[in-house]
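Visitor: Before I ask anything, let me first share the structure, which is written out below as structure tokens.
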Protein chains: 2
Amino acid sequence: MPGKNVLIVYAHQEPKSMNGSLKNIAVDVLQKQGCSIIISDLYSMNFNAAATRNDITGELCNPQHFRYGAETMEAFKKGVLCEDILKEQEKVKVADLIIFQFPLYWYSFPAIMKGWIDRVFVQGFAFDFPGCYDTGLLKDKLALLSFTTGGTEEMFSKDGMRGDIRMA
Amino acid sequence: MPGKNVLIVYAHQEPKSMNGSLKNIAVDVLQKQGCSIIISDLYSMNFNAAATRNDITGELCNPQHFRYGAETMEAFKKGVLCEDILKEQEKVKVADLIIFQFPLYWYSFPAIMKGWIDRVFVQGFAFDFPGCYDTGLLKDKLALLSFTTGGTEEMFSKDGMRGDIRMA
């Protein structure tokens, strides 16, 4: 994919981990193909996972009754989201492909990565109504979930203890 | 349930929200039934969602290659998990019922609550192998997911845009 931009959202505490290696290999291979890579290394960034009032700078629309979704949507329109969200949104904007690299925690993203999704994918920026999915604001971008599990393949199969991972 | 202990893990920023009301009603009703209630109000507690080395106090088993799951399991056994995890584990230990009260964020828990699960349910404390689920360490405890959605009932139905919420 020469000339394409790739954002790797990476959530592992240990550079020498399997996840760290998978991230490094992705960088090598994609750079050789002529891609530009940006990495959001969430633990190194000490990325804040919690969706709070601090995500909006300046005045709230309704400080008496805080609604996170409504306030961040308005803040996005006015350009008053906080700095770390804006930075991540800039990375998403230019990305043709987003790779999520993480170890599965309780059948899902580690909280730090869930927080990236909760906070960065603000309504008006990442989605809106009507016009989701095929007609949505992130259309034409690709995404890849690359994750490791602490269990065996069998545990994550249809009849396994944890059910089919592809349905999660 | 007279004499029973209930832990409410609550994740909403706004006391006047629907989630806040549902939490308050649960407290009222359960107290009238003779239950003891403990609330973990995650945003008010500024609960840390990220799973890091700081969750282990003292020396790591392998500081050269940090493995969160292995290190926290050992730290649990040695009693050297960090204070906020220990406090939550004490609440879980005495709870007969745990209620998770939250707004659905991207079809799942808000990150701050995902972090509570990631960090509190340490191997050796909440689960182990073999012996999961019916024979696991949290057997005989009840759990209830009480959550609000930003979408319509139809969106979360089997043929809806987001698929069947009961399969999530």
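Ordering of the structure tokens sets the chain letters (A, B, ...); residue numbers start at 1 within each chain; ligands are numbered from 1 in the order shown.
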Using only C-alpha atoms, determine which residues lie at most 6 Å from Ile56 (chain A), disregarding the query and same-chain residues fewer than 3 positions distant; provide the list as a PyMOL selection string.
Guide: chain A and resi 53+81-82
Visitor: Grab the residues selected above and save them as a PDB file, in the first residue's frame with all heavy atoms.
Guide:
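The resulting result_24.pdb:
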```
ATOM      1  N   ARG A  53     -15.856  15.358  32.234  1.00  0.00           N
ATOM      2  CA  ARG A  53     -16.060  16.761  31.865  1.00  0.00           C
ATOM      3  C   ARG A  53     -14.790  17.403  31.338  1.00  0.00           C
ATOM      4  O   ARG A  53     -14.852  18.364  30.575  1.00  0.00           O
ATOM      5  CB  ARG A  53     -16.493  17.573  33.106  1.00  0.00           C
ATOM      6  CG  ARG A  53     -17.932  17.366  33.494  1.00  0.00           C
ATOM      7  CD  ARG A  53     -18.230  18.024  34.844  1.00  0.00           C
ATOM      8  NE  ARG A  53     -19.469  17.477  35.365  1.00  0.00           N
ATOM      9  CZ  ARG A  53     -20.566  18.204  35.615  1.00  0.00           C
ATOM     10  NH1 ARG A  53     -20.542  19.500  35.436  1.00  0.00           N
ATOM     11  NH2 ARG A  53     -21.659  17.627  36.045  1.00  0.00           N
ATOM     12  N   LEU A  81     -12.766  20.371  22.090  1.00  0.00           N
ATOM     13  CA  LEU A  81     -12.401  19.128  22.774  1.00  0.00           C
ATOM     14  C   LEU A  81     -10.990  19.280  23.330  1.00  0.00           C
ATOM     15  O   LEU A  81     -10.203  20.092  22.840  1.00  0.00           O
ATOM     16  CB  LEU A  81     -12.450  17.949  21.791  1.00  0.00           C
ATOM     17  CG  LEU A  81     -13.843  17.437  21.434  1.00  0.00           C
ATOM     18  CD1 LEU A  81     -13.762  16.501  20.229  1.00  0.00           C
ATOM     19  CD2 LEU A  81     -14.489  16.705  22.613  1.00  0.00           C
ATOM     20  N   CYS A  82     -10.662  18.479  24.330  1.00  0.00           N
ATOM     21  CA  CYS A  82      -9.341  18.607  24.948  1.00  0.00           C
ATOM     22  C   CYS A  82      -8.247  18.107  24.003  1.00  0.00           C
ATOM     23  O   CYS A  82      -8.503  17.377  23.040  1.00  0.00           O
ATOM     24  CB  CYS A  82      -9.306  17.890  26.287  1.00  0.00           C
ATOM     25  SG  CYS A  82      -9.478  16.126  26.135  1.00  0.00           S
TER      26      CYS A  82
END
```
Visitor: Run DSSP on the backbone and grab whatever in chain A lands in alpha helix (DSSP H); send it over as an mmCIF file with N, CA, C and O atoms, in the first residue's frame.
Guide:
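And here's states.cif as it stands now:
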```
data_model
loop_
_atom_site.group_PDB
_atom_site.id
_atom_site.type_symbol
_atom_site.label_atom_id
_atom_site.label_comp_id
_atom_site.auth_asym_id
_atom_site.auth_seq_id
_atom_site.Cartn_x
_atom_site.Cartn_y
_atom_site.Cartn_z
ATOM 1 N N MET A 18 4.794 -10.247 23.024
ATOM 2 C CA MET A 18 4.303 -10.672 21.709
ATOM 3 C C MET A 18 3.594 -9.524 21.006
ATOM 4 O O MET A 18 3.785 -9.299 19.806
ATOM 5 N N ASN A 19 2.776 -8.784 21.746
ATOM 6 C CA ASN A 19 2.094 -7.634 21.148
ATOM 7 C C ASN A 19 3.084 -6.583 20.650
ATOM 8 O O ASN A 19 2.892 -6.000 19.583
ATOM 9 N N GLY A 20 4.139 -6.363 21.438
ATOM 10 C CA GLY A 20 5.173 -5.416 21.015
ATOM 11 C C GLY A 20 5.841 -5.882 19.730
ATOM 12 O O GLY A 20 6.080 -5.088 18.809
ATOM 13 N N SER A 21 6.115 -7.180 19.656
ATOM 14 C CA SER A 21 6.736 -7.732 18.446
ATOM 15 C C SER A 21 5.808 -7.617 17.244
ATOM 16 O O SER A 21 6.241 -7.278 16.135
ATOM 17 N N LEU A 22 4.553 -7.930 17.449
ATOM 18 C CA LEU A 22 3.601 -7.842 16.340
ATOM 19 C C LEU A 22 3.504 -6.402 15.820
ATOM 20 O O LEU A 22 3.442 -6.167 14.606
ATOM 21 N N LYS A 23 3.530 -5.462 16.753
ATOM 22 C CA LYS A 23 3.512 -4.041 16.358
ATOM 23 C C LYS A 23 4.764 -3.699 15.553
ATOM 24 O O LYS A 23 4.688 -3.082 14.490
ATOM 25 N N ASN A 24 5.923 -4.157 16.041
ATOM 26 C CA ASN A 24 7.180 -3.840 15.342
ATOM 27 C C ASN A 24 7.232 -4.461 13.949
ATOM 28 O O ASN A 24 7.713 -3.847 13.000
ATOM 29 N N ILE A 25 6.744 -5.683 13.859
ATOM 30 C CA ILE A 25 6.735 -6.359 12.552
ATOM 31 C C ILE A 25 5.805 -5.627 11.584
ATOM 32 O O ILE A 25 6.132 -5.434 10.412
ATOM 33 N N ALA A 26 4.661 -5.203 12.092
ATOM 34 C CA ALA A 26 3.731 -4.454 11.242
ATOM 35 C C ALA A 26 4.400 -3.182 10.713
ATOM 36 O O ALA A 26 4.294 -2.857 9.524
ATOM 37 N N VAL A 27 5.124 -2.495 11.600
ATOM 38 C CA VAL A 27 5.826 -1.268 11.192
ATOM 39 C C VAL A 27 6.829 -1.586 10.082
ATOM 40 O O VAL A 27 6.850 -0.924 9.027
ATOM 41 N N ASP A 28 7.647 -2.613 10.298
ATOM 42 C CA ASP A 28 8.677 -2.981 9.313
ATOM 43 C C ASP A 28 8.059 -3.295 7.957
ATOM 44 O O ASP A 28 8.483 -2.767 6.924
ATOM 45 N N VAL A 29 7.089 -4.189 7.986
ATOM 46 C CA VAL A 29 6.500 -4.664 6.728
ATOM 47 C C VAL A 29 5.807 -3.521 5.991
ATOM 48 O O VAL A 29 5.971 -3.347 4.775
ATOM 49 N N LEU A 30 5.056 -2.718 6.731
ATOM 50 C CA LEU A 30 4.288 -1.644 6.084
ATOM 51 C C LEU A 30 5.201 -0.525 5.583
ATOM 52 O O LEU A 30 4.954 0.056 4.518
ATOM 53 N N GLN A 31 6.278 -0.247 6.338
ATOM 54 C CA GLN A 31 7.224 0.766 5.861
ATOM 55 C C GLN A 31 7.899 0.312 4.579
ATOM 56 O O GLN A 31 8.089 1.103 3.651
ATOM 57 N N LYS A 32 8.228 -0.982 4.532
ATOM 58 C CA LYS A 32 8.847 -1.509 3.299
ATOM 59 C C LYS A 32 7.905 -1.399 2.106
ATOM 60 O O LYS A 32 8.341 -1.319 0.963
ATOM 61 N N TYR A 68 -22.323 13.267 28.595
ATOM 62 C CA TYR A 68 -21.019 13.165 27.938
ATOM 63 C C TYR A 68 -21.136 13.190 26.412
ATOM 64 O O TYR A 68 -20.419 13.920 25.730
ATOM 65 N N GLY A 69 -22.040 12.383 25.881
ATOM 66 C CA GLY A 69 -22.171 12.272 24.422
ATOM 67 C C GLY A 69 -22.587 13.591 23.789
ATOM 68 O O GLY A 69 -21.998 14.034 22.791
ATOM 69 N N ALA A 70 -23.585 14.235 24.363
ATOM 70 C CA ALA A 70 -24.081 15.494 23.805
ATOM 71 C C ALA A 70 -23.036 16.597 23.925
ATOM 72 O O ALA A 70 -22.826 17.384 22.987
ATOM 73 N N GLU A 71 -22.348 16.627 25.056
ATOM 74 C CA GLU A 71 -21.354 17.693 25.273
ATOM 75 C C GLU A 71 -20.129 17.522 24.377
ATOM 76 O O GLU A 71 -19.591 18.514 23.865
ATOM 77 N N THR A 72 -19.696 16.277 24.191
ATOM 78 C CA THR A 72 -18.511 16.092 23.342
ATOM 79 C C THR A 72 -18.859 16.332 21.875
ATOM 80 O O THR A 72 -18.032 16.826 21.110
ATOM 81 N N MET A 73 -20.089 16.012 21.476
ATOM 82 C CA MET A 73 -20.516 16.294 20.102
ATOM 83 C C MET A 73 -20.478 17.804 19.852
ATOM 84 O O MET A 73 -19.951 18.267 18.836
ATOM 85 N N GLU A 74 -21.007 18.581 20.778
ATOM 86 C CA GLU A 74 -20.991 20.040 20.641
ATOM 87 C C GLU A 74 -19.564 20.583 20.683
ATOM 88 O O GLU A 74 -19.209 21.475 19.919
ATOM 89 N N ALA A 75 -18.766 20.011 21.586
ATOM 90 C CA ALA A 75 -17.375 20.476 21.715
ATOM 91 C C ALA A 75 -16.590 20.185 20.442
ATOM 92 O O ALA A 75 -15.735 20.980 20.022
ATOM 93 N N PHE A 76 -16.890 19.062 19.815
ATOM 94 C CA PHE A 76 -16.234 18.757 18.539
ATOM 95 C C PHE A 76 -16.581 19.818 17.497
ATOM 96 O O PHE A 76 -15.702 20.352 16.805
ATOM 97 N N LYS A 77 -17.860 20.134 17.408
ATOM 98 C CA LYS A 77 -18.300 21.135 16.412
ATOM 99 C C LYS A 77 -17.643 22.493 16.648
ATOM 100 O O LYS A 77 -17.271 23.192 15.718
ATOM 101 N N LYS A 78 -17.513 22.844 17.934
ATOM 102 C CA LYS A 78 -16.935 24.150 18.287
ATOM 103 C C LYS A 78 -15.409 24.121 18.336
ATOM 104 O O LYS A 78 -14.780 25.165 18.552
ATOM 105 N N GLU A 83 -7.044 18.516 24.331
ATOM 106 C CA GLU A 83 -5.897 18.345 23.444
ATOM 107 C C GLU A 83 -5.627 16.885 23.057
ATOM 108 O O GLU A 83 -5.364 16.578 21.892
ATOM 109 N N ASP A 84 -5.695 15.964 24.028
ATOM 110 C CA ASP A 84 -5.310 14.587 23.681
ATOM 111 C C ASP A 84 -6.329 13.933 22.745
ATOM 112 O O ASP A 84 -5.961 13.150 21.870
ATOM 113 N N ILE A 85 -7.594 14.287 22.875
ATOM 114 C CA ILE A 85 -8.595 13.771 21.938
ATOM 115 C C ILE A 85 -8.364 14.358 20.541
ATOM 116 O O ILE A 85 -8.370 13.632 19.544
ATOM 117 N N LEU A 86 -8.122 15.656 20.483
ATOM 118 C CA LEU A 86 -7.886 16.306 19.180
ATOM 119 C C LEU A 86 -6.703 15.684 18.451
ATOM 120 O O LEU A 86 -6.762 15.437 17.249
ATOM 121 N N LYS A 87 -5.639 15.412 19.204
ATOM 122 C CA LYS A 87 -4.446 14.797 18.587
ATOM 123 C C LYS A 87 -4.772 13.432 17.982
ATOM 124 O O LYS A 87 -4.334 13.097 16.878
ATOM 125 N N GLU A 88 -5.533 12.637 18.730
ATOM 126 C CA GLU A 88 -5.876 11.305 18.225
ATOM 127 C C GLU A 88 -6.813 11.410 17.022
ATOM 128 O O GLU A 88 -6.707 10.647 16.072
ATOM 129 N N GLN A 89 -7.721 12.359 17.061
ATOM 130 C CA GLN A 89 -8.635 12.536 15.928
ATOM 131 C C GLN A 89 -7.872 12.942 14.665
ATOM 132 O O GLN A 89 -8.214 12.502 13.562
ATOM 133 N N GLU A 90 -6.832 13.766 14.828
ATOM 134 C CA GLU A 90 -6.011 14.130 13.667
ATOM 135 C C GLU A 90 -5.355 12.891 13.056
ATOM 136 O O GLU A 90 -5.273 12.751 11.840
ATOM 137 N N LYS A 91 -4.895 11.992 13.933
ATOM 138 C CA LYS A 91 -4.270 10.749 13.444
ATOM 139 C C LYS A 91 -5.291 9.892 12.702
ATOM 140 O O LYS A 91 -4.989 9.292 11.667
ATOM 141 N N VAL A 92 -6.502 9.817 13.251
ATOM 142 C CA VAL A 92 -7.560 9.018 12.607
ATOM 143 C C VAL A 92 -7.924 9.621 11.252
ATOM 144 O O VAL A 92 -8.092 8.905 10.263
ATOM 145 N N LYS A 93 -8.002 10.945 11.204
ATOM 146 C CA LYS A 93 -8.396 11.618 9.957
ATOM 147 C C LYS A 93 -7.506 11.230 8.785
ATOM 148 O O LYS A 93 -7.992 10.984 7.688
ATOM 149 N N VAL A 94 -6.191 11.203 9.028
ATOM 150 C CA VAL A 94 -5.269 10.943 7.921
ATOM 151 C C VAL A 94 -5.036 9.455 7.682
ATOM 152 O O VAL A 94 -4.414 9.085 6.683
ATOM 153 N N ALA A 111 -8.906 -1.792 29.124
ATOM 154 C CA ALA A 111 -9.635 -0.547 29.402
ATOM 155 C C ALA A 111 -8.981 0.671 28.759
ATOM 156 O O ALA A 111 -9.670 1.576 28.281
ATOM 157 N N ILE A 112 -7.663 0.713 28.727
ATOM 158 C CA ILE A 112 -6.985 1.893 28.174
ATOM 159 C C ILE A 112 -7.329 2.068 26.694
ATOM 160 O O ILE A 112 -7.447 3.191 26.194
ATOM 161 N N MET A 113 -7.520 0.960 25.979
ATOM 162 C CA MET A 113 -7.899 1.028 24.569
ATOM 163 C C MET A 113 -9.401 1.294 24.418
ATOM 164 O O MET A 113 -9.822 2.023 23.523
ATOM 165 N N LYS A 114 -10.194 0.721 25.320
ATOM 166 C CA LYS A 114 -11.625 1.032 25.298
ATOM 167 C C LYS A 114 -11.818 2.527 25.521
ATOM 168 O O LYS A 114 -12.676 3.151 24.886
ATOM 169 N N GLY A 115 -10.997 3.107 26.369
ATOM 170 C CA GLY A 115 -11.070 4.543 26.611
ATOM 171 C C GLY A 115 -10.698 5.355 25.379
ATOM 172 O O GLY A 115 -11.266 6.423 25.120
ATOM 173 N N TRP A 116 -9.747 4.855 24.617
ATOM 174 C CA TRP A 116 -9.383 5.536 23.357
ATOM 175 C C TRP A 116 -10.594 5.564 22.429
ATOM 176 O O TRP A 116 -10.918 6.596 21.831
ATOM 177 N N ILE A 117 -11.280 4.441 22.324
ATOM 178 C CA ILE A 117 -12.471 4.357 21.468
ATOM 179 C C ILE A 117 -13.592 5.244 22.018
ATOM 180 O O ILE A 117 -14.194 6.032 21.291
ATOM 181 N N ASP A 118 -13.861 5.124 23.305
ATOM 182 C CA ASP A 118 -14.933 5.920 23.923
ATOM 183 C C ASP A 118 -14.714 7.415 23.701
ATOM 184 O O ASP A 118 -15.655 8.163 23.454
ATOM 185 N N ARG A 119 -13.474 7.864 23.834
ATOM 186 C CA ARG A 119 -13.192 9.304 23.855
ATOM 187 C C ARG A 119 -12.895 9.888 22.474
ATOM 188 O O ARG A 119 -13.230 11.033 22.194
ATOM 189 N N VAL A 120 -12.245 9.101 21.607
ATOM 190 C CA VAL A 120 -11.835 9.643 20.299
ATOM 191 C C VAL A 120 -12.983 9.600 19.282
ATOM 192 O O VAL A 120 -13.162 10.531 18.485
#
```
Visitor: Could you list, as a PyMOL selection string, the residues of chain B having an atom within 10 Å of chain A when counting only C-alpha atoms?
Guide: chain B and resi 12-17+42-43+46-53+63-69+105-106+108-119+121+132-133+150+161+167-168
Visitor: Once you have the residues from the selection above, write them out as a compact mmCIF listing (two decimals), in the first residue's frame, restricted to C-alpha atoms.
Guide:
```
# COMPACT_ATOMS: atom_id res chain seq x y z
CA HIS B 12 -21.92 7.77 35.38
CA GLN B 13 -20.54 11.30 35.59
CA GLU B 14 -23.87 12.94 36.43
CA PRO B 15 -25.79 12.22 39.66
CA LYS B 16 -29.01 13.49 38.03
CA SER B 17 -28.74 11.05 35.12
CA LEU B 42 -16.09 5.07 39.78
CA TYR B 43 -16.01 8.62 38.36
CA ASN B 46 -11.46 8.92 39.93
CA PHE B 47 -10.90 5.19 39.53
CA ASN B 48 -7.79 4.34 37.55
CA ALA B 49 -8.70 2.21 34.54
CA ALA B 50 -5.25 1.31 33.20
CA ALA B 51 -3.57 -1.97 34.06
CA THR B 52 0.03 -1.03 34.81
CA ARG B 53 3.09 -1.98 36.85
CA PRO B 63 10.95 -6.73 35.89
CA GLN B 64 12.79 -7.43 32.61
CA HIS B 65 9.65 -8.71 30.94
CA PHE B 66 6.46 -7.42 32.47
CA ARG B 67 3.42 -9.69 32.24
CA TYR B 68 0.40 -8.04 33.82
CA GLY B 69 -1.63 -11.19 34.43
CA TYR B 105 -20.51 2.85 25.39
CA TRP B 106 -19.77 1.23 22.06
CA SER B 108 -19.91 -2.46 26.16
CA PHE B 109 -18.83 -1.02 29.50
CA PRO B 110 -17.47 2.53 29.68
CA ALA B 111 -13.66 2.28 29.91
CA ILE B 112 -13.61 3.24 33.59
CA MET B 113 -15.79 0.21 34.39
CA LYS B 114 -13.85 -2.05 32.03
CA GLY B 115 -10.79 -1.01 34.01
CA TRP B 116 -12.49 -2.01 37.25
CA ILE B 117 -13.08 -5.48 35.80
CA ASP B 118 -9.59 -5.75 34.27
CA ARG B 119 -7.85 -4.74 37.51
CA PHE B 121 -10.78 -9.60 38.86
CA CYS B 132 -14.18 -21.56 36.08
CA TYR B 133 -17.77 -20.44 36.18
CA GLY B 150 -28.34 5.74 23.54
CA MET B 161 -28.29 -2.20 12.99
CA MET B 167 -25.40 -11.79 22.38
CA ALA B 168 -22.86 -9.05 23.11
```
Visitor: Applying 10 Å and only C-alpha atoms, which residues near Asp164 (chain B) remain after dropping the ones on its own chain fewer than 6 positions away? List them as a PDB file with N, CA, C and O atoms, in the first residue's frame.
Guide:
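What ended up in part.pdb:
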```pdb
ATOM      1  N   GLU B 153     -34.743   0.470  21.035  1.00  0.00           N
ATOM      2  CA  GLU B 153     -34.809  -0.974  21.244  1.00  0.00           C
ATOM      3  C   GLU B 153     -34.548  -1.722  19.933  1.00  0.00           C
ATOM      4  O   GLU B 153     -33.836  -2.717  19.896  1.00  0.00           O
ATOM      5  N   GLU B 154     -35.093  -1.170  18.847  1.00  0.00           N
ATOM      6  CA  GLU B 154     -34.966  -1.818  17.537  1.00  0.00           C
ATOM      7  C   GLU B 154     -33.503  -1.953  17.107  1.00  0.00           C
ATOM      8  O   GLU B 154     -33.107  -2.959  16.532  1.00  0.00           O
ATOM      9  N   MET B 155     -32.699  -0.919  17.401  1.00  0.00           N
ATOM     10  CA  MET B 155     -31.291  -0.943  16.988  1.00  0.00           C
ATOM     11  C   MET B 155     -30.517  -2.096  17.623  1.00  0.00           C
ATOM     12  O   MET B 155     -29.525  -2.571  17.079  1.00  0.00           O
ATOM     13  N   PHE B 156     -30.980  -2.521  18.794  1.00  0.00           N
ATOM     14  CA  PHE B 156     -30.268  -3.565  19.523  1.00  0.00           C
ATOM     15  C   PHE B 156     -30.960  -4.927  19.410  1.00  0.00           C
ATOM     16  O   PHE B 156     -30.694  -5.831  20.176  1.00  0.00           O
ATOM     17  N   SER B 157     -31.885  -5.047  18.461  1.00  0.00           N
ATOM     18  CA  SER B 157     -32.589  -6.316  18.256  1.00  0.00           C
ATOM     19  C   SER B 157     -31.815  -7.174  17.261  1.00  0.00           C
ATOM     20  O   SER B 157     -30.871  -6.714  16.618  1.00  0.00           O
ATOM     21  N   LYS B 158     -32.257  -8.405  17.138  1.00  0.00           N
ATOM     22  CA  LYS B 158     -31.528  -9.377  16.313  1.00  0.00           C
ATOM     23  C   LYS B 158     -31.294  -8.874  14.890  1.00  0.00           C
ATOM     24  O   LYS B 158     -30.209  -9.032  14.343  1.00  0.00           O
TER      25      LYS B 158
END
```
Visitor: Just how far from CA of Pro103 (chain B) is CA of Asp41 (chain B), in Å to one decimal?
Guide: 13.5 Å
Visitor: Determine the nearest neighbour of Val6 (chain A) from the options A:Ser44, A:Lys139, A:Val122, A:Ile98, counting only C-alpha atoms.
Guide: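 With only C-alpha atoms as the atom set, the closest residue is A:Ile98.
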Visitor: Applying 7 Å and only C-alpha atoms, which residues near Ser40 (chain B) remain after dropping the ones on its own chain fewer than 6 positions away? List them as a list in words.
Guide: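 Residues meeting the cut-off are Ile8, Val9 and Tyr10 of chain B.
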Visitor: With distances taken over only C-alpha atoms, which of A:Asn5, A:Leu137, A:Thr57, A:Asp128 is nearest to Ile99 (chain A)?
Guide: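 Looking at the shortest contact to Ile99 (chain A), the residue is A:Asn5.
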Visitor: Measure the distance from CA of Lys141 (chain B) to CA of Thr152 (chain A) in Å and round it to one decimal.
Guide: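 CA of Lys141 (chain B) sits 26.8 Å away from CA of Thr152 (chain A).
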Visitor: Chain B: which residues are strand (DSSP E or B) by DSSP, as a PyMOL selection string?
Guide: chain B and resi 5-10+36-41+56+81+97-103+105+108+123+127+142-148
Visitor: List as a list of chain:residue names the protein and nucleic acid residues near Gly3 (chain B), meaning an atom at most 7 Å away when only C-alpha atoms are counted, but skip any in the same chain fewer than 5 places from it.
Guide: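 Contacts, in chain order: B:Gly34, B:Cys35, B:Ser36.
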Visitor: With N, CA, C and O atoms kept, could you save the residues just selected as a compact mmCIF listing (two decimals), in the first residue's frame?
Guide:
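For reference, part-v8.txt as written:
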```txt
# COMPACT_ATOMS: atom_id res chain seq x y z
N GLY B 34 -33.70 -4.87 53.66
CA GLY B 34 -32.76 -5.28 54.71
C GLY B 34 -31.36 -5.60 54.22
O GLY B 34 -30.57 -6.21 54.95
N CYS B 35 -31.05 -5.18 53.00
CA CYS B 35 -29.69 -5.41 52.48
C CYS B 35 -28.75 -4.32 52.95
O CYS B 35 -29.15 -3.18 53.19
N SER B 36 -27.47 -4.67 53.03
CA SER B 36 -26.41 -3.67 53.22
C SER B 36 -25.86 -3.33 51.84
O SER B 36 -25.59 -4.23 51.05
```
